[in-house]
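Dropping start27.pdb in here (PDB, C-alpha atoms):
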```pdb
ATOM      1  CA  MET A 126      -1.771  37.103   2.423
ATOM      2  CA  THR A 127      -2.972  38.709   5.653
ATOM      3  CA  GLU A 128      -4.932  35.555   6.422
ATOM      4  CA  LEU A 129      -1.847  33.463   5.897
ATOM      5  CA  ALA A 130       0.132  35.679   8.206
ATOM      6  CA  ALA A 131      -2.621  35.580  10.814
ATOM      7  CA  HIS A 132      -2.956  31.790  10.608
ATOM      8  CA  PRO A 133       0.443  30.463   9.696
ATOM      9  CA  PRO A 134       0.503  26.764   8.839
ATOM     10  CA  THR A 135       1.140  24.598  11.876
ATOM     11  CA  PRO A 136       3.712  22.095  10.739
ATOM     12  CA  HIS A 137       3.740  18.691  12.362
ATOM     13  CA  ALA A 138       6.739  18.225  14.551
ATOM     14  CA  HIS A 139       8.419  15.733  12.213
ATOM     15  CA  ASP A 140       7.804  17.838   9.123
ATOM     16  CA  ALA A 141       8.916  21.089  10.681
ATOM     17  CA  HIS A 142      12.246  21.223   8.825
ATOM     18  CA  HIS A 143      10.541  21.563   5.438
ATOM     19  CA  ALA A 144       9.870  25.120   4.402
ATOM     20  CA  THR A 145       6.530  24.546   2.656
ATOM     21  CA  ALA A 146       3.218  26.325   3.141
ATOM     22  CA  THR A 147       1.596  23.188   4.574
ATOM     23  CA  GLY A 148       4.526  22.139   6.741
ATOM     24  CA  ILE A 149       4.647  18.846   4.827
ATOM     25  CA  SER A 150       7.543  18.082   2.505
ATOM     26  CA  ASN A 151       6.761  18.273  -1.207
ATOM     27  CA  GLU A 152       7.993  14.698  -1.723
ATOM     28  CA  LYS A 153       5.559  13.277   0.823
ATOM     29  CA  MET A 154       2.701  15.379  -0.511
ATOM     30  CA  VAL A 155       3.404  14.189  -4.066
ATOM     31  CA  MET A 156       3.489  10.549  -2.928
ATOM     32  CA  TRP A 157       0.089  10.858  -1.227
ATOM     33  CA  ALA A 158      -1.356  12.632  -4.292
ATOM     34  CA  PHE A 159       0.075   9.844  -6.472
ATOM     35  CA  LEU A 160      -1.479   7.204  -4.212
ATOM     36  CA  GLY A 161      -4.818   9.029  -4.385
ATOM     37  CA  SER A 162      -4.628   8.848  -8.196
ATOM     38  CA  GLU A 163      -3.617   5.170  -8.003
ATOM     39  CA  CYS A 164      -6.911   4.528  -6.178
ATOM     40  CA  LEU A 165      -8.653   5.622  -9.386
ATOM     41  CA  LEU A 166      -6.447   3.386 -11.562
ATOM     42  CA  PHE A 167      -6.978   0.256  -9.463
ATOM     43  CA  GLY A 168     -10.648   1.188  -8.974
ATOM     44  CA  ALA A 169     -11.036   1.094 -12.768
ATOM     45  CA  LEU A 170      -9.278  -2.281 -13.062
ATOM     46  CA  ILE A 171     -11.283  -3.854 -10.207
ATOM     47  CA  SER A 172     -14.562  -2.504 -11.637
ATOM     48  CA  THR A 173     -13.686  -3.901 -15.067
ATOM     49  CA  TYR A 174     -13.101  -7.326 -13.519
ATOM     50  CA  LEU A 175     -16.418  -7.119 -11.627
ATOM     51  CA  LEU A 176     -18.239  -6.147 -14.824
ATOM     52  CA  TYR A 177     -16.786  -9.051 -16.786
ATOM     53  CA  ARG A 178     -16.602 -11.766 -14.131
ATOM     54  CA  HIS A 179     -19.796 -13.550 -15.260
ATOM     55  CA  LYS A 180     -19.645 -12.616 -18.930
ATOM     56  CA  SER A 181     -17.410 -15.350 -20.322
ATOM     57  CA  VAL A 182     -18.998 -17.762 -22.781
ATOM     58  CA  SER A 183     -16.097 -20.157 -23.335
ATOM     59  CA  GLY A 184     -13.133 -21.711 -21.557
ATOM     60  CA  PRO A 185     -12.356 -21.935 -17.849
ATOM     61  CA  THR A 186     -12.920 -18.874 -15.653
ATOM     62  CA  PRO A 187     -10.560 -17.737 -12.874
ATOM     63  CA  HIS A 188     -13.097 -18.800 -10.201
ATOM     64  CA  SER A 189     -13.029 -22.409 -11.379
ATOM     65  CA  LEU A 190      -9.208 -22.503 -11.109
ATOM     66  CA  TYR A 191      -8.448 -20.559  -7.914
ATOM     67  CA  ASP A 192      -6.314 -22.248  -5.304
ATOM     68  CA  ILE A 193      -7.538 -20.339  -2.243
ATOM     69  CA  PRO A 194      -5.158 -21.907   0.349
ATOM     70  CA  PHE A 195      -2.189 -20.991  -1.891
ATOM     71  CA  THR A 196      -3.392 -17.416  -2.476
ATOM     72  CA  SER A 197      -4.151 -17.044   1.245
ATOM     73  CA  VAL A 198      -0.521 -17.839   2.056
ATOM     74  CA  SER A 199       0.609 -15.304  -0.592
ATOM     75  CA  SER A 200      -1.679 -12.678   0.959
ATOM     76  CA  PHE A 201      -0.279 -13.446   4.407
ATOM     77  CA  VAL A 202       3.282 -13.043   3.059
ATOM     78  CA  LEU A 203       2.433  -9.624   1.561
ATOM     79  CA  LEU A 204       0.747  -8.516   4.809
ATOM     80  CA  MET A 205       3.850  -9.471   6.772
ATOM     81  CA  SER A 206       5.990  -7.485   4.327
ATOM     82  CA  SER A 207       4.037  -4.407   5.441
ATOM     83  CA  LEU A 208       5.110  -5.158   9.010
ATOM     84  CA  SER A 209       8.793  -5.409   8.023
ATOM     85  CA  MET A 210       8.463  -2.150   6.054
ATOM     86  CA  ALA A 211       6.975  -0.363   9.083
ATOM     87  CA  LEU A 212       9.851  -1.718  11.202
ATOM     88  CA  ALA A 213      12.360  -0.429   8.600
ATOM     89  CA  VAL A 214      10.870   3.087   8.853
ATOM     90  CA  ALA A 215      11.021   2.900  12.662
ATOM     91  CA  ALA A 216      14.669   1.742  12.490
ATOM     92  CA  ILE A 217      15.889   4.650  10.340
ATOM     93  CA  GLN A 218      13.967   7.143  12.474
ATOM     94  CA  ARG A 219      15.966   5.815  15.457
ATOM     95  CA  GLY A 220      19.176   5.960  13.398
ATOM     96  CA  ASP A 221      19.595   2.158  13.466
ATOM     97  CA  HIS A 222      21.092   1.539  10.015
ATOM     98  CA  ARG A 223      21.805  -2.171  10.494
ATOM     99  CA  ARG A 224      18.150  -2.921  11.329
ATOM    100  CA  LEU A 225      17.034  -0.662   8.476
ATOM    101  CA  ARG A 226      18.942  -2.839   6.003
ATOM    102  CA  VAL A 227      17.683  -6.062   7.626
ATOM    103  CA  TRP A 228      14.030  -4.984   7.470
ATOM    104  CA  LEU A 229      14.283  -3.513   3.955
ATOM    105  CA  SER A 230      15.873  -6.749   2.710
ATOM    106  CA  THR A 231      13.186  -8.799   4.519
ATOM    107  CA  THR A 232      10.475  -6.701   2.841
ATOM    108  CA  ALA A 233      12.086  -7.193  -0.577
ATOM    109  CA  LEU A 234      12.386 -10.948   0.083
ATOM    110  CA  LEU A 235       8.734 -11.263   1.149
ATOM    111  CA  GLY A 236       7.705  -9.225  -1.911
ATOM    112  CA  SER A 237       9.746 -11.572  -4.112
ATOM    113  CA  ILE A 238       8.046 -14.612  -2.547
ATOM    114  CA  PHE A 239       4.683 -13.022  -3.342
ATOM    115  CA  ILE A 240       5.723 -12.371  -6.958
ATOM    116  CA  GLY A 241       7.073 -15.936  -7.220
ATOM    117  CA  GLY A 242       3.659 -17.169  -6.055
ATOM    118  CA  GLN A 243       1.919 -15.003  -8.643
ATOM    119  CA  ILE A 244       4.152 -16.307 -11.443
ATOM    120  CA  TYR A 245       3.391 -19.885 -10.289
ATOM    121  CA  GLU A 246      -0.349 -19.112 -10.224
ATOM    122  CA  PHE A 247      -0.318 -17.541 -13.700
ATOM    123  CA  THR A 248       1.703 -20.463 -15.106
ATOM    124  CA  SER A 249      -0.685 -22.967 -13.567
ATOM    125  CA  PHE A 250      -3.722 -21.125 -15.013
ATOM    126  CA  ILE A 251      -2.144 -21.022 -18.482
ATOM    127  CA  ARG A 252      -1.321 -24.776 -18.294
ATOM    128  CA  ARG A 253      -4.945 -25.467 -17.390
ATOM    129  CA  GLY A 254      -6.182 -23.563 -20.439
ATOM    130  CA  MET A 255      -6.857 -20.061 -19.137
ATOM    131  CA  THR A 256      -4.782 -17.387 -20.860
ATOM    132  CA  ILE A 257      -5.354 -13.641 -21.121
ATOM    133  CA  LYS A 258      -7.173 -14.259 -24.426
ATOM    134  CA  THR A 259      -9.404 -17.160 -23.316
ATOM    135  CA  ASN A 260     -12.399 -15.003 -22.361
ATOM    136  CA  VAL A 261     -13.233 -11.506 -21.077
ATOM    137  CA  THR A 262     -13.140 -12.650 -17.435
ATOM    138  CA  SER A 263      -9.656 -14.107 -17.732
ATOM    139  CA  GLY A 264      -8.498 -10.993 -19.621
ATOM    140  CA  ALA A 265      -9.769  -8.686 -16.869
ATOM    141  CA  PHE A 266      -8.276 -10.982 -14.197
ATOM    142  CA  PHE A 267      -4.787 -11.081 -15.755
ATOM    143  CA  VAL A 268      -4.742  -7.311 -16.384
ATOM    144  CA  LEU A 269      -5.784  -6.519 -12.795
ATOM    145  CA  THR A 270      -3.500  -8.951 -10.975
ATOM    146  CA  GLY A 271      -0.695  -8.387 -13.520
ATOM    147  CA  PHE A 272      -0.813  -4.631 -12.958
ATOM    148  CA  HIS A 273      -0.612  -5.233  -9.223
ATOM    149  CA  GLY A 274       2.318  -7.590  -9.747
ATOM    150  CA  VAL A 275       4.150  -4.915 -11.756
ATOM    151  CA  HIS A 276       3.628  -2.478  -8.869
ATOM    152  CA  VAL A 277       5.055  -5.017  -6.395
ATOM    153  CA  THR A 278       8.050  -5.663  -8.699
ATOM    154  CA  LEU A 279       8.771  -1.921  -8.944
ATOM    155  CA  GLY A 280       8.530  -1.760  -5.154
ATOM    156  CA  ILE A 281      11.076  -4.583  -4.801
ATOM    157  CA  ILE A 282      13.491  -2.761  -7.153
ATOM    158  CA  MET A 283      13.012   0.418  -5.093
ATOM    159  CA  LEU A 284      13.662  -1.456  -1.814
ATOM    160  CA  LEU A 285      16.829  -3.105  -3.140
ATOM    161  CA  SER A 286      18.070   0.290  -4.379
ATOM    162  CA  LEU A 287      17.486   1.693  -0.899
ATOM    163  CA  VAL A 288      19.426  -1.193   0.681
ATOM    164  CA  ASN A 289      22.278  -0.461  -1.740
ATOM    165  CA  LEU A 290      22.206   3.268  -0.928
ATOM    166  CA  SER A 291      22.148   2.513   2.780
ATOM    167  CA  ILE A 292      25.185   0.197   2.490
ATOM    168  CA  ARG A 293      27.022   3.038   0.755
ATOM    169  CA  GLY A 294      26.075   5.385   3.606
ATOM    170  CA  ARG A 295      23.824   7.530   1.434
ATOM    171  CA  ILE A 296      20.777   7.319   3.714
ATOM    172  CA  PRO A 297      21.626   9.099   6.947
ATOM    173  CA  GLN A 298      19.083   9.447   9.735
ATOM    174  CA  SER A 299      18.334  12.945   8.440
ATOM    175  CA  LYS A 300      16.886  11.320   5.304
ATOM    176  CA  ALA A 301      14.495   9.042   7.192
ATOM    177  CA  GLU A 302      11.617  10.508   5.229
ATOM    178  CA  VAL A 303      12.926   8.869   2.031
ATOM    179  CA  ILE A 304      12.317   5.468   3.623
ATOM    180  CA  GLU A 305       8.935   6.603   4.935
ATOM    181  CA  ILE A 306       7.874   7.664   1.419
ATOM    182  CA  ALA A 307       9.054   4.345  -0.059
ATOM    183  CA  GLY A 308       7.086   2.679   2.746
ATOM    184  CA  LEU A 309       3.928   4.546   1.743
ATOM    185  CA  TYR A 310       4.179   3.069  -1.758
ATOM    186  CA  TRP A 311       4.785  -0.422  -0.389
ATOM    187  CA  HIS A 312       1.853  -0.279   2.035
ATOM    188  CA  PHE A 313      -0.362   0.998  -0.775
ATOM    189  CA  VAL A 314       0.510  -2.044  -2.864
ATOM    190  CA  ASP A 315      -0.475  -4.137   0.163
ATOM    191  CA  ILE A 316      -3.864  -2.435   0.630
ATOM    192  CA  VAL A 317      -4.646  -2.895  -3.059
ATOM    193  CA  TRP A 318      -4.013  -6.627  -2.601
ATOM    194  CA  ILE A 319      -6.278  -6.642   0.497
ATOM    195  CA  ILE A 320      -9.087  -5.467  -1.821
ATOM    196  CA  ILE A 321      -8.182  -7.798  -4.708
ATOM    197  CA  PHE A 322      -7.972 -10.827  -2.397
ATOM    198  CA  THR A 323     -11.472 -10.216  -1.011
ATOM    199  CA  VAL A 324     -13.288  -8.920  -4.087
ATOM    200  CA  VAL A 325     -11.669 -11.103  -6.747
ATOM    201  CA  TYR A 326     -10.798 -14.314  -4.901
ATOM    202  CA  LEU A 327     -13.069 -14.696  -1.872
ATOM    203  CA  ILE A 328     -16.442 -13.282  -2.936
ATOM    204  CA  PRO A 329     -17.971 -15.748  -5.419
TER     205      PRO A 329
ATOM    206  CA  MET B 182      24.724  35.656 -11.803
ATOM    207  CA  SER B 183      25.602  32.767  -9.504
ATOM    208  CA  GLU B 184      22.919  31.121  -7.359
ATOM    209  CA  PRO B 185      23.207  31.569  -3.586
ATOM    210  CA  THR B 186      24.739  28.458  -2.012
ATOM    211  CA  MET B 187      24.374  27.138   1.543
ATOM    212  CA  THR B 188      27.308  27.411   3.863
ATOM    213  CA  ASP B 189      28.654  24.308   5.648
ATOM    214  CA  ALA B 190      27.203  25.601   8.907
ATOM    215  CA  GLU B 191      23.768  25.984   7.300
ATOM    216  CA  ILE B 192      23.909  22.468   5.823
ATOM    217  CA  GLU B 193      24.934  21.037   9.209
ATOM    218  CA  SER B 194      22.150  22.894  10.978
ATOM    219  CA  ASP B 195      19.629  21.687   8.366
ATOM    220  CA  GLU B 196      20.766  18.085   8.869
ATOM    221  CA  GLU B 197      20.540  18.425  12.652
ATOM    222  CA  LEU B 198      16.978  19.693  12.250
ATOM    223  CA  ALA B 199      16.170  16.748   9.970
ATOM    224  CA  VAL B 200      17.576  14.258  12.516
ATOM    225  CA  GLU B 201      15.549  15.967  15.238
ATOM    226  CA  ALA B 202      12.469  15.715  13.012
ATOM    227  CA  ALA B 203      13.094  11.983  12.453
ATOM    228  CA  LEU B 204      13.382  11.387  16.213
ATOM    229  CA  GLU B 205      10.269  13.463  16.821
ATOM    230  CA  ALA B 206       8.405  11.407  14.179
ATOM    231  CA  ARG B 207       9.458   8.220  15.992
ATOM    232  CA  LYS B 208       7.841   9.604  19.159
ATOM    233  CA  HIS B 209       4.575  10.244  17.294
ATOM    234  CA  HIS B 210       4.519   6.845  15.579
ATOM    235  CA  PRO B 211       3.661   3.596  17.420
ATOM    236  CA  PRO B 212       6.453   1.481  18.966
ATOM    237  CA  ASP B 213       7.632  -1.719  17.215
ATOM    238  CA  SER B 214       5.607  -3.920  19.593
ATOM    239  CA  VAL B 215       2.388  -2.221  18.436
ATOM    240  CA  TYR B 216       3.306  -2.853  14.789
ATOM    241  CA  ILE B 217       3.803  -6.544  15.579
ATOM    242  CA  LEU B 218       0.424  -6.732  17.369
ATOM    243  CA  ILE B 219      -1.248  -5.000  14.402
ATOM    244  CA  ALA B 220       0.328  -7.508  11.995
ATOM    245  CA  LEU B 221      -0.929 -10.381  14.155
ATOM    246  CA  GLY B 222      -4.399  -8.831  14.130
ATOM    247  CA  LEU B 223      -4.263  -8.542  10.329
ATOM    248  CA  ALA B 224      -3.201 -12.202  10.074
ATOM    249  CA  VAL B 225      -6.155 -13.245  12.267
ATOM    250  CA  LEU B 226      -8.562 -11.174  10.140
ATOM    251  CA  THR B 227      -7.177 -12.840   6.993
ATOM    252  CA  ALA B 228      -7.679 -16.279   8.573
ATOM    253  CA  VAL B 229     -11.303 -15.338   9.418
ATOM    254  CA  GLU B 230     -11.830 -14.193   5.804
ATOM    255  CA  VAL B 231     -10.527 -17.481   4.432
ATOM    256  CA  GLY B 232     -12.707 -19.381   6.929
ATOM    257  CA  LEU B 233     -15.760 -17.436   5.751
ATOM    258  CA  TYR B 234     -14.951 -18.334   2.127
ATOM    259  CA  TYR B 235     -15.474 -22.007   2.961
ATOM    260  CA  LEU B 236     -18.882 -21.302   4.512
ATOM    261  CA  LYS B 237     -21.962 -21.340   2.296
ATOM    262  CA  ALA B 238     -21.791 -18.414  -0.137
ATOM    263  CA  SER B 239     -24.477 -15.841   0.627
ATOM    264  CA  THR B 240     -25.062 -12.093   0.523
ATOM    265  CA  GLU B 241     -24.449 -11.954   4.300
ATOM    266  CA  THR B 242     -21.068 -13.691   3.970
ATOM    267  CA  ALA B 243     -20.101 -11.318   1.153
ATOM    268  CA  LEU B 244     -21.055  -8.314   3.302
ATOM    269  CA  VAL B 245     -19.006  -9.596   6.264
ATOM    270  CA  LEU B 246     -16.051 -10.152   3.914
ATOM    271  CA  LEU B 247     -16.367  -6.573   2.651
ATOM    272  CA  VAL B 248     -16.485  -5.236   6.232
ATOM    273  CA  LEU B 249     -13.359  -7.252   7.150
ATOM    274  CA  MET B 250     -11.638  -5.969   4.004
ATOM    275  CA  ALA B 251     -12.473  -2.350   4.930
ATOM    276  CA  LEU B 252     -11.196  -2.975   8.468
ATOM    277  CA  LYS B 253      -7.867  -4.373   7.222
ATOM    278  CA  PHE B 254      -7.570  -1.495   4.747
ATOM    279  CA  SER B 255      -8.108   1.146   7.466
ATOM    280  CA  ILE B 256      -5.681  -0.547   9.868
ATOM    281  CA  VAL B 257      -2.863  -0.584   7.287
ATOM    282  CA  VAL B 258      -3.565   2.995   6.147
ATOM    283  CA  GLY B 259      -4.007   4.326   9.685
ATOM    284  CA  PHE B 260      -1.103   2.618  11.451
ATOM    285  CA  PHE B 261       1.456   1.345   8.937
ATOM    286  CA  MET B 262       1.053   4.392   6.653
ATOM    287  CA  HIS B 263       0.784   6.665   9.722
ATOM    288  CA  LEU B 264      -2.275   8.492   8.390
ATOM    289  CA  ARG B 265      -3.689   8.549  11.943
ATOM    290  CA  PHE B 266      -0.638  10.409  13.179
ATOM    291  CA  ASP B 267       0.216  12.580  10.162
ATOM    292  CA  SER B 268      -1.099  15.937   9.023
ATOM    293  CA  PRO B 269      -4.862  16.127   8.288
ATOM    294  CA  VAL B 270      -3.933  17.584   4.885
ATOM    295  CA  LEU B 271      -2.574  14.188   3.818
ATOM    296  CA  ARG B 272      -5.654  12.442   5.189
ATOM    297  CA  ARG B 273      -7.914  14.725   3.136
ATOM    298  CA  LEU B 274      -5.803  14.237   0.014
ATOM    299  CA  PHE B 275      -5.959  10.436   0.169
ATOM    300  CA  VAL B 276      -9.533  10.135   1.412
ATOM    301  CA  THR B 277     -10.723  12.475  -1.372
ATOM    302  CA  GLY B 278      -9.124  10.232  -4.019
ATOM    303  CA  LEU B 279     -10.562   7.174  -2.325
ATOM    304  CA  ILE B 280     -14.111   8.537  -1.998
ATOM    305  CA  LEU B 281     -13.996   9.761  -5.592
ATOM    306  CA  ALA B 282     -12.891   6.314  -6.806
ATOM    307  CA  VAL B 283     -15.465   4.403  -4.720
ATOM    308  CA  THR B 284     -18.302   6.759  -5.762
ATOM    309  CA  ILE B 285     -17.487   6.731  -9.481
ATOM    310  CA  TYR B 286     -17.045   2.974  -9.718
ATOM    311  CA  THR B 287     -20.066   2.168  -7.532
ATOM    312  CA  ILE B 288     -22.219   4.296  -9.860
ATOM    313  CA  ILE B 289     -20.752   2.539 -12.906
ATOM    314  CA  LEU B 290     -21.275  -0.925 -11.396
ATOM    315  CA  LEU B 291     -24.857  -0.023 -10.395
ATOM    316  CA  MET B 292     -25.529   1.214 -13.942
ATOM    317  CA  PHE B 293     -24.434  -2.151 -15.306
ATOM    318  CA  GLY B 294     -26.511  -3.949 -12.676
ATOM    319  CA  ILE B 295     -23.774  -6.152 -11.262
ATOM    320  CA  PHE B 296     -25.180  -6.091  -7.729
ATOM    321  CA  HIS B 297     -27.949  -8.614  -7.130
ATOM    322  CA  PHE B 298     -29.864  -8.011  -3.907
TER     323      PHE B 298
END
```
Let's see the structure in the file written out as structure tokens.
Amino acid sequence: MTELAAHPPTPHAHDAHHATATGISNEKMVMWAFLGSECLLFGALISTYLLYRHKSVSGPTPHSLYDIPFTSVSSFVLLMSSLSMALAVAAIQRGDHRRLRVWLSTTALLGSIFIGGQIYEFTSFIRRGMTIKTNVTSGAFFVLTGFHGVHVTLGIIMLLSLVNLSIRGRIPQSKAEVIEIAGLYWHFVDIVWIIIFTVVYLIP
Amino acid sequence: MSEPTMTDAEIESDEELAVEAALEARKHHPPDSVYILIALGLAVLTAVEVGLYYLKASTETALVLLVLMALKFSIVVGFFMHLRFDSPVLRRLFVTGLILAVTIYTIILLMFGIFHF
């Protein structure tokens, strides 16, 4: 207690309005803790894929079916959605609601293009004889990339909800942190794809 | 017993503080032009990665790809997620989860002998 009084927490300027012991809002802290735990979840899925990637005894494997130029474009689209998300956060911090809606909608659109690409890729793999049940490699591949796709889809729903709230005037500049927290989730989904793209697709 | 409620003046003052905090955050975060440059850098790194994929597969190429991946990861986390500019508490929270994940899964993968050097 005395120590706390002697060394009071030094809140960061932008978090100063939150009365917490760390000076960071509980919502932001929870999001970072959640993302830390998500590292473990995706770590498990990526490791499972790595363990099983050369263990299939029948049927085509993901590596024999990859369309790298197509996936590269998808990766580029997701990377650019991180840029539009960062610009959305900057817009609300300035109090520019019109730009906030433009950038949030752009992010949702880019995310939807990425998901469309993933659906196309999955469909093409299934047509060429690789389903989730074909072999252990394909199973691990579909679970990993499917889980990521679900995360992106949830992110798109969240972004569209935020656009809707903003149109109804429910996200004033004073609630800029809400957009920042949503942005953290979106960027996390992007960094997970950065790892998947390299480890799963590019490294043979 | 009724719970204490905030007066209009208190709510207004709280909102003013929040707006001030948002503007202050903007000052600490990079300008839009920097975000655009970072995105261009990330696009170039992705192009280099794809280029490397078409080179002959080797351990060296795989290592370079992993380094580029780590670089892209740190750029997004540091700049887009503002971890460079935010409280060190958040940095510790995320990095702890990350180190824990990398350590655990590296040990598991080593145990199963998936790395061939």
Residues matched by the PyMOL selection byres ((chain A and resi 279) around 12), written as a list in words: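 Checked against the file, the PyMOL selection byres ((chain A and resi 279) around 12) matches Ala233, Gly236, Ser237, Ile240, Phe272, His273, Gly274, Val275, His276, Val277, Thr278, Gly280, Ile281, Ile282, Met283, Leu284, Leu285, Ser286, Ala307, Tyr310, Trp311 and Val314 of chain A.
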Give me, as a count of residues only, the contact residues of chain B against chain A at a cut-off of 8 Å, counting all atoms listed in the file. 52
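The space between CA of Ser199 (chain A) and CA of Ser214 (chain B) spans 23.7 Å.
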Centre, edges in Å (one decimal): axis-aligned box, region 313-322 of chain A, 3 Å padding on all six sides, as AutoDock Vina command-line options:
```
--center_x -4.3 --center_y -4.9 --center_z -2.0 --size_x 15.6 --size_y 17.8 --size_z 11.3
```
Could you state the separation of CA of Leu234 (chain A) and CA of Asp192 (chain A) in Å, given to one decimal place?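 Taking CA of Leu234 (chain A) and CA of Asp192 (chain A), their separation equals 22.5 Å.
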What is the distance between CA of Ser263 (chain A) and CA of Ser181 (chain A), in Å to one decimal? 8.3 Å
